[in-house]
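Worksheet for the structure shown next.
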Amino acid sequence: MSGSSTQGSSTARQQAPFPAAPEIDDPAFESPLDLLIAEHERQHVICEELDRLADGVDAAPLAGRAAEIIEFLRTDLAVHTLDEERGLFPALRQRCRPEDGIELVLERLMAEHSLDHDLVDFLLADLELLALGHRLANPTRFLMNVQAFTATQRRHLAWENATVIPLARRRLTQEDLQALRVDMSARRRQEGKSQA
Ligand SMILES: [Fe+2]
Ligand SMILES: [Fe+2]
């Protein structure tokens with residue numbers, strides 16, 4: 001898991017290429033839940049990227065990295081959130097048992113999605129300036145928004161990986177998983193079209 005990076009590993013990875021988005025049709029993903037896990041790992045990488053960007057926001061040529069993060073926040077993260085809100089979470093509501101306590105968990109995760117949405121809007125405003133090669137008038141504000149976003153993301157990813165995905169593996173049927181895969185595949189095709 002890449003969420004608890006140290007300063008040392010952060011420096012070592014500074015020039016690493018940004019990882020490509022995992023593909024729903026990749027046969028390595030036997031279950032659509034495996035794809036969601038792979039996307040969570042990429043979300044951890046984005047948190048590290050944002051941390052580095054905020055650390056060096058007054059110094060380095062950051063336009064390329066900022067553009068990559070913008071692309072991720074606008075497309076990949078948005079699609080992933082819809083996969084959960086429209087596919088995974090409703091399936092869990094249908095299949096989980098009262099003793100699973102899923103309602104409270106999903107309520108919290110939905111509230112965090114909503115908070116993420118607001119924070120992403122704040123981040124995009126500054127990232128767009130950085131992507132154009134401008135300096136930020138208020139880098140402290142950017143740093144605070146990055147810290148708020150990455151803290152929420154990391155907590156959220158830990159909850160989903162430790163609680164929601166294992167529960168989904170136990171409770172969802174093969175038909176549920178197939179429906180989830182079809183839904184996720186259609187959403188990615190649609191996103192591809194809208195990008196074209
Ligand atoms: Fe997720
Ligand atoms: Fe989520």
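All residue names refer to the structure tokens as shown: chains lettered A, B, ... in order, residues numbered from 1 in each chain, ligands numbered from 1 in order.
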
Next on the checklist: List as an NGL selection string the protein and nucleic acid residues lying within 7 Å of ligand 1, with only C-alpha atoms and all ligand atoms counted.
Outcome noted: :A and (36 or 40 or 80-81 or 84 or 157 or 160)

Enumerate as a PyMOL selection string the residues within 12 Å of ligand 2, counting only C-alpha atoms and all ligand atoms. chain A and resi 36-37+39-40+43+77-89+105-117+152-161+163-165

Given only C-alpha atoms as the counted atoms, nearest of A:Ala162, A:Ile46, A:Ala67, A:Ala131 to Val146 of chain A: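 Ranking A:Ala162, A:Ile46, A:Ala67, A:Ala131 by distance to Val146 of chain A, first place goes to A:Ile46.
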
Legend entry - Atomic separation - atom CA of Arg42 of chain A relative to atom CA of Ala20 of chain A, Å: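 Separation between atom CA of Ala20 of chain A and atom CA of Arg42 of chain A: 8.6 Å.
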
| query | Using only C-alpha atoms, which of A:Leu177, A:Leu50, A:Val182, A:Leu167 sits nearest Leu124 of chain A? | reply |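 Result for the nearest residue to Leu124 of chain A: A:Leu50.
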
Give me, as a compact mmCIF listing (two decimals) with C-alpha atoms, in the first residue's frame, all polymer residues having an atom no more than 6 Å from segment 62-66 of chain A, counting only C-alpha atoms and skipping those fewer than 5 positions away in the same chain.
# COMPACT_ATOMS: atom_id res chain seq x y z
CA LEU A 127 -4.02 23.34 -10.27
CA LEU A 130 -0.06 25.73 -12.02
CA ALA A 131 -0.73 23.79 -15.25
CA GLY A 133 2.91 27.74 -15.50

Among listed residues A:Glu128, A:Glu99, A:Glu41, A:Asp121, nearest Asn145 of chain A (using only C-alpha atoms):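 Among the listed residues, the smallest separation from Asn145 of chain A belongs to A:Asp121.
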
Using only C-alpha atoms, which residue out of A:Phe18, A:Gly101, A:Asp118, A:Leu33 lies closest to Glu71 of chain A?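 Ranking A:Phe18, A:Gly101, A:Asp118, A:Leu33 by distance to Glu71 of chain A, first place goes to A:Phe18.
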
Checklist line | Pick from A:Pro166, A:Pro90, A:Pro139, A:Pro22 nearest to Ala54 of chain A, counting only C-alpha atoms | finding: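 Residue with the minimum atom-to-atom distance to Ala54 of chain A: A:Pro139.
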
From the DSSP assignment of the backbone, select every residue of segment 11-176 of chain A that is helix (DSSP H, G or I), and format the answer as a PDB file with C-alpha atoms, in the first residue's frame.
ATOM      1  CA  THR A  11      12.172  11.553  -3.080  1.00  0.00           C
ATOM      2  CA  ALA A  12      13.147   8.262  -4.701  1.00  0.00           C
ATOM      3  CA  PRO A  32     -14.676  -5.729 -10.700  1.00  0.00           C
ATOM      4  CA  LEU A  33     -13.808  -5.326  -7.014  1.00  0.00           C
ATOM      5  CA  ASP A  34     -10.172  -6.026  -7.960  1.00  0.00           C
ATOM      6  CA  LEU A  35     -10.277  -3.072 -10.344  1.00  0.00           C
ATOM      7  CA  LEU A  36     -11.640  -0.816  -7.597  1.00  0.00           C
ATOM      8  CA  ILE A  37      -8.731  -1.905  -5.365  1.00  0.00           C
ATOM      9  CA  ALA A  38      -6.240  -1.148  -8.172  1.00  0.00           C
ATOM     10  CA  GLU A  39      -7.804   2.288  -8.580  1.00  0.00           C
ATOM     11  CA  HIS A  40      -7.479   2.853  -4.834  1.00  0.00           C
ATOM     12  CA  GLU A  41      -3.741   2.229  -5.170  1.00  0.00           C
ATOM     13  CA  ARG A  42      -3.568   4.834  -7.905  1.00  0.00           C
ATOM     14  CA  GLN A  43      -5.505   7.244  -5.705  1.00  0.00           C
ATOM     15  CA  HIS A  44      -2.783   6.810  -3.089  1.00  0.00           C
ATOM     16  CA  VAL A  45      -0.212   7.757  -5.737  1.00  0.00           C
ATOM     17  CA  ILE A  46      -2.191  10.910  -6.532  1.00  0.00           C
ATOM     18  CA  CYS A  47      -2.152  11.851  -2.848  1.00  0.00           C
ATOM     19  CA  GLU A  48       1.636  11.510  -2.882  1.00  0.00           C
ATOM     20  CA  GLU A  49       1.814  13.593  -6.063  1.00  0.00           C
ATOM     21  CA  LEU A  50      -0.308  16.317  -4.494  1.00  0.00           C
ATOM     22  CA  ASP A  51       1.877  16.317  -1.369  1.00  0.00           C
ATOM     23  CA  ARG A  52       4.988  16.774  -3.517  1.00  0.00           C
ATOM     24  CA  LEU A  53       3.332  19.458  -5.597  1.00  0.00           C
ATOM     25  CA  ALA A  54       2.283  21.377  -2.479  1.00  0.00           C
ATOM     26  CA  ASP A  55       5.775  21.000  -0.963  1.00  0.00           C
ATOM     27  CA  ALA A  63       2.958  22.404 -14.935  1.00  0.00           C
ATOM     28  CA  GLY A  64       3.092  18.851 -16.329  1.00  0.00           C
ATOM     29  CA  ARG A  65       2.363  17.184 -13.001  1.00  0.00           C
ATOM     30  CA  ALA A  66      -0.457  19.616 -12.295  1.00  0.00           C
ATOM     31  CA  ALA A  67      -2.033  18.777 -15.672  1.00  0.00           C
ATOM     32  CA  GLU A  68      -1.860  15.037 -14.923  1.00  0.00           C
ATOM     33  CA  ILE A  69      -3.529  15.514 -11.564  1.00  0.00           C
ATOM     34  CA  ILE A  70      -6.255  17.665 -13.122  1.00  0.00           C
ATOM     35  CA  GLU A  71      -6.958  14.912 -15.643  1.00  0.00           C
ATOM     36  CA  PHE A  72      -7.143  12.333 -12.874  1.00  0.00           C
ATOM     37  CA  LEU A  73      -9.444  14.368 -10.644  1.00  0.00           C
ATOM     38  CA  ARG A  74     -11.806  15.258 -13.490  1.00  0.00           C
ATOM     39  CA  THR A  75     -12.093  11.805 -15.035  1.00  0.00           C
ATOM     40  CA  ASP A  76     -10.726   8.805 -13.116  1.00  0.00           C
ATOM     41  CA  LEU A  77     -11.772   9.871  -9.633  1.00  0.00           C
ATOM     42  CA  ALA A  78     -15.179  11.048 -10.843  1.00  0.00           C
ATOM     43  CA  VAL A  79     -15.815   7.729 -12.639  1.00  0.00           C
ATOM     44  CA  HIS A  80     -14.645   5.707  -9.635  1.00  0.00           C
ATOM     45  CA  THR A  81     -16.987   7.611  -7.324  1.00  0.00           C
ATOM     46  CA  LEU A  82     -19.931   6.938  -9.651  1.00  0.00           C
ATOM     47  CA  ASP A  83     -18.997   3.230  -9.762  1.00  0.00           C
ATOM     48  CA  GLU A  84     -19.383   3.141  -6.006  1.00  0.00           C
ATOM     49  CA  GLU A  85     -22.409   5.378  -5.587  1.00  0.00           C
ATOM     50  CA  ARG A  86     -24.441   3.921  -8.450  1.00  0.00           C
ATOM     51  CA  GLY A  87     -23.172   0.347  -8.527  1.00  0.00           C
ATOM     52  CA  LEU A  88     -21.341  -1.008  -5.502  1.00  0.00           C
ATOM     53  CA  PHE A  89     -23.150   0.781  -2.677  1.00  0.00           C
ATOM     54  CA  PRO A  90     -26.699   0.004  -3.882  1.00  0.00           C
ATOM     55  CA  ALA A  91     -25.707  -3.656  -4.348  1.00  0.00           C
ATOM     56  CA  LEU A  92     -24.355  -3.744  -0.799  1.00  0.00           C
ATOM     57  CA  ARG A  93     -27.550  -2.177   0.553  1.00  0.00           C
ATOM     58  CA  GLN A  94     -29.508  -4.907  -1.170  1.00  0.00           C
ATOM     59  CA  ARG A  95     -27.373  -7.859  -0.068  1.00  0.00           C
ATOM     60  CA  PRO A  98     -28.555  -6.037   9.487  1.00  0.00           C
ATOM     61  CA  GLU A  99     -25.582  -7.238  11.550  1.00  0.00           C
ATOM     62  CA  ASP A 100     -23.199  -5.921   8.847  1.00  0.00           C
ATOM     63  CA  ILE A 102     -23.564  -1.246   6.254  1.00  0.00           C
ATOM     64  CA  GLU A 103     -25.925   1.749   6.340  1.00  0.00           C
ATOM     65  CA  LEU A 104     -23.762   3.741   8.741  1.00  0.00           C
ATOM     66  CA  VAL A 105     -20.610   2.913   6.796  1.00  0.00           C
ATOM     67  CA  LEU A 106     -22.137   3.937   3.465  1.00  0.00           C
ATOM     68  CA  GLU A 107     -23.574   7.127   4.955  1.00  0.00           C
ATOM     69  CA  ARG A 108     -20.116   8.112   6.078  1.00  0.00           C
ATOM     70  CA  LEU A 109     -18.505   7.227   2.757  1.00  0.00           C
ATOM     71  CA  MET A 110     -21.133   9.178   0.807  1.00  0.00           C
ATOM     72  CA  ALA A 111     -20.532  12.193   3.064  1.00  0.00           C
ATOM     73  CA  GLU A 112     -16.803  11.906   2.324  1.00  0.00           C
ATOM     74  CA  HIS A 113     -17.478  11.725  -1.421  1.00  0.00           C
ATOM     75  CA  SER A 114     -19.423  14.953  -1.095  1.00  0.00           C
ATOM     76  CA  LEU A 115     -16.585  16.597   0.868  1.00  0.00           C
ATOM     77  CA  ASP A 116     -14.089  15.359  -1.745  1.00  0.00           C
ATOM     78  CA  HIS A 117     -16.188  16.929  -4.461  1.00  0.00           C
ATOM     79  CA  ASP A 118     -15.972  20.331  -2.765  1.00  0.00           C
ATOM     80  CA  LEU A 119     -12.240  19.995  -2.079  1.00  0.00           C
ATOM     81  CA  VAL A 120     -11.573  18.941  -5.683  1.00  0.00           C
ATOM     82  CA  ASP A 121     -13.233  22.146  -6.889  1.00  0.00           C
ATOM     83  CA  PHE A 122     -10.899  24.197  -4.670  1.00  0.00           C
ATOM     84  CA  LEU A 123      -7.859  22.211  -5.813  1.00  0.00           C
ATOM     85  CA  LEU A 124      -8.733  22.478  -9.500  1.00  0.00           C
ATOM     86  CA  ALA A 125      -8.834  26.261  -9.329  1.00  0.00           C
ATOM     87  CA  ASP A 126      -5.180  26.345  -8.207  1.00  0.00           C
ATOM     88  CA  LEU A 127      -4.024  23.342 -10.273  1.00  0.00           C
ATOM     89  CA  GLU A 128      -5.264  25.014 -13.450  1.00  0.00           C
ATOM     90  CA  LEU A 129      -3.041  28.019 -12.697  1.00  0.00           C
ATOM     91  CA  LEU A 130      -0.060  25.731 -12.021  1.00  0.00           C
ATOM     92  CA  ALA A 131      -0.735  23.789 -15.246  1.00  0.00           C
ATOM     93  CA  PRO A 139       0.290  28.791  -1.849  1.00  0.00           C
ATOM     94  CA  THR A 140      -0.647  28.343   1.821  1.00  0.00           C
ATOM     95  CA  ARG A 141      -4.293  28.006   0.869  1.00  0.00           C
ATOM     96  CA  PHE A 142      -3.349  25.389  -1.740  1.00  0.00           C
ATOM     97  CA  LEU A 143      -1.267  23.494   0.830  1.00  0.00           C
ATOM     98  CA  MET A 144      -4.174  23.479   3.300  1.00  0.00           C
ATOM     99  CA  ASN A 145      -6.595  22.217   0.658  1.00  0.00           C
ATOM    100  CA  VAL A 146      -4.123  19.503  -0.370  1.00  0.00           C
ATOM    101  CA  GLN A 147      -3.713  18.422   3.257  1.00  0.00           C
ATOM    102  CA  ALA A 148      -7.483  18.315   3.791  1.00  0.00           C
ATOM    103  CA  PHE A 149      -8.041  16.341   0.578  1.00  0.00           C
ATOM    104  CA  THR A 150      -5.254  13.804   1.069  1.00  0.00           C
ATOM    105  CA  ALA A 151      -6.182  13.192   4.720  1.00  0.00           C
ATOM    106  CA  THR A 152      -9.795  12.513   3.750  1.00  0.00           C
ATOM    107  CA  GLN A 153      -8.764  10.349   0.811  1.00  0.00           C
ATOM    108  CA  ARG A 154      -6.384   8.196   2.826  1.00  0.00           C
ATOM    109  CA  ARG A 155      -8.919   7.625   5.596  1.00  0.00           C
ATOM    110  CA  HIS A 156     -11.588   6.885   3.002  1.00  0.00           C
ATOM    111  CA  LEU A 157      -9.421   4.415   1.075  1.00  0.00           C
ATOM    112  CA  ALA A 158      -8.498   2.612   4.273  1.00  0.00           C
ATOM    113  CA  TRP A 159     -12.184   2.202   5.159  1.00  0.00           C
ATOM    114  CA  GLU A 160     -13.146   0.971   1.723  1.00  0.00           C
ATOM    115  CA  ASN A 161     -10.261  -1.476   1.488  1.00  0.00           C
ATOM    116  CA  ALA A 162     -10.656  -2.815   5.017  1.00  0.00           C
ATOM    117  CA  THR A 163     -14.435  -2.856   5.337  1.00  0.00           C
ATOM    118  CA  VAL A 164     -16.443  -2.329   2.178  1.00  0.00           C
ATOM    119  CA  ILE A 165     -14.551  -4.440  -0.357  1.00  0.00           C
ATOM    120  CA  PRO A 166     -14.190  -7.495   1.949  1.00  0.00           C
ATOM    121  CA  LEU A 167     -17.906  -7.274   2.777  1.00  0.00           C
ATOM    122  CA  ALA A 168     -18.727  -7.025  -0.929  1.00  0.00           C
ATOM    123  CA  ARG A 169     -16.658 -10.147  -1.587  1.00  0.00           C
ATOM    124  CA  ARG A 170     -18.712 -12.014   1.011  1.00  0.00           C
ATOM    125  CA  ARG A 171     -22.183 -10.730   0.231  1.00  0.00           C
ATOM    126  CA  GLN A 174     -21.874 -13.589  -9.131  1.00  0.00           C
ATOM    127  CA  GLU A 175     -24.814 -11.876 -10.850  1.00  0.00           C
ATOM    128  CA  ASP A 176     -24.255  -8.734  -8.773  1.00  0.00           C
TER     129      ASP A 176
END

Distance atom CA of Ser185 of chain A-atom CA of Phe29 of chain A, one decimal place?
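Atom CA of Phe29 of chain A lies 12.5 Å from atom CA of Ser185 of chain A.
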
Between atom CA of Gly192 of chain A and atom CA of His134 of chain A, what is the spacing in Å?
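Atom CA of Gly192 of chain A lies at a distance of 29.5 Å from atom CA of His134 of chain A.
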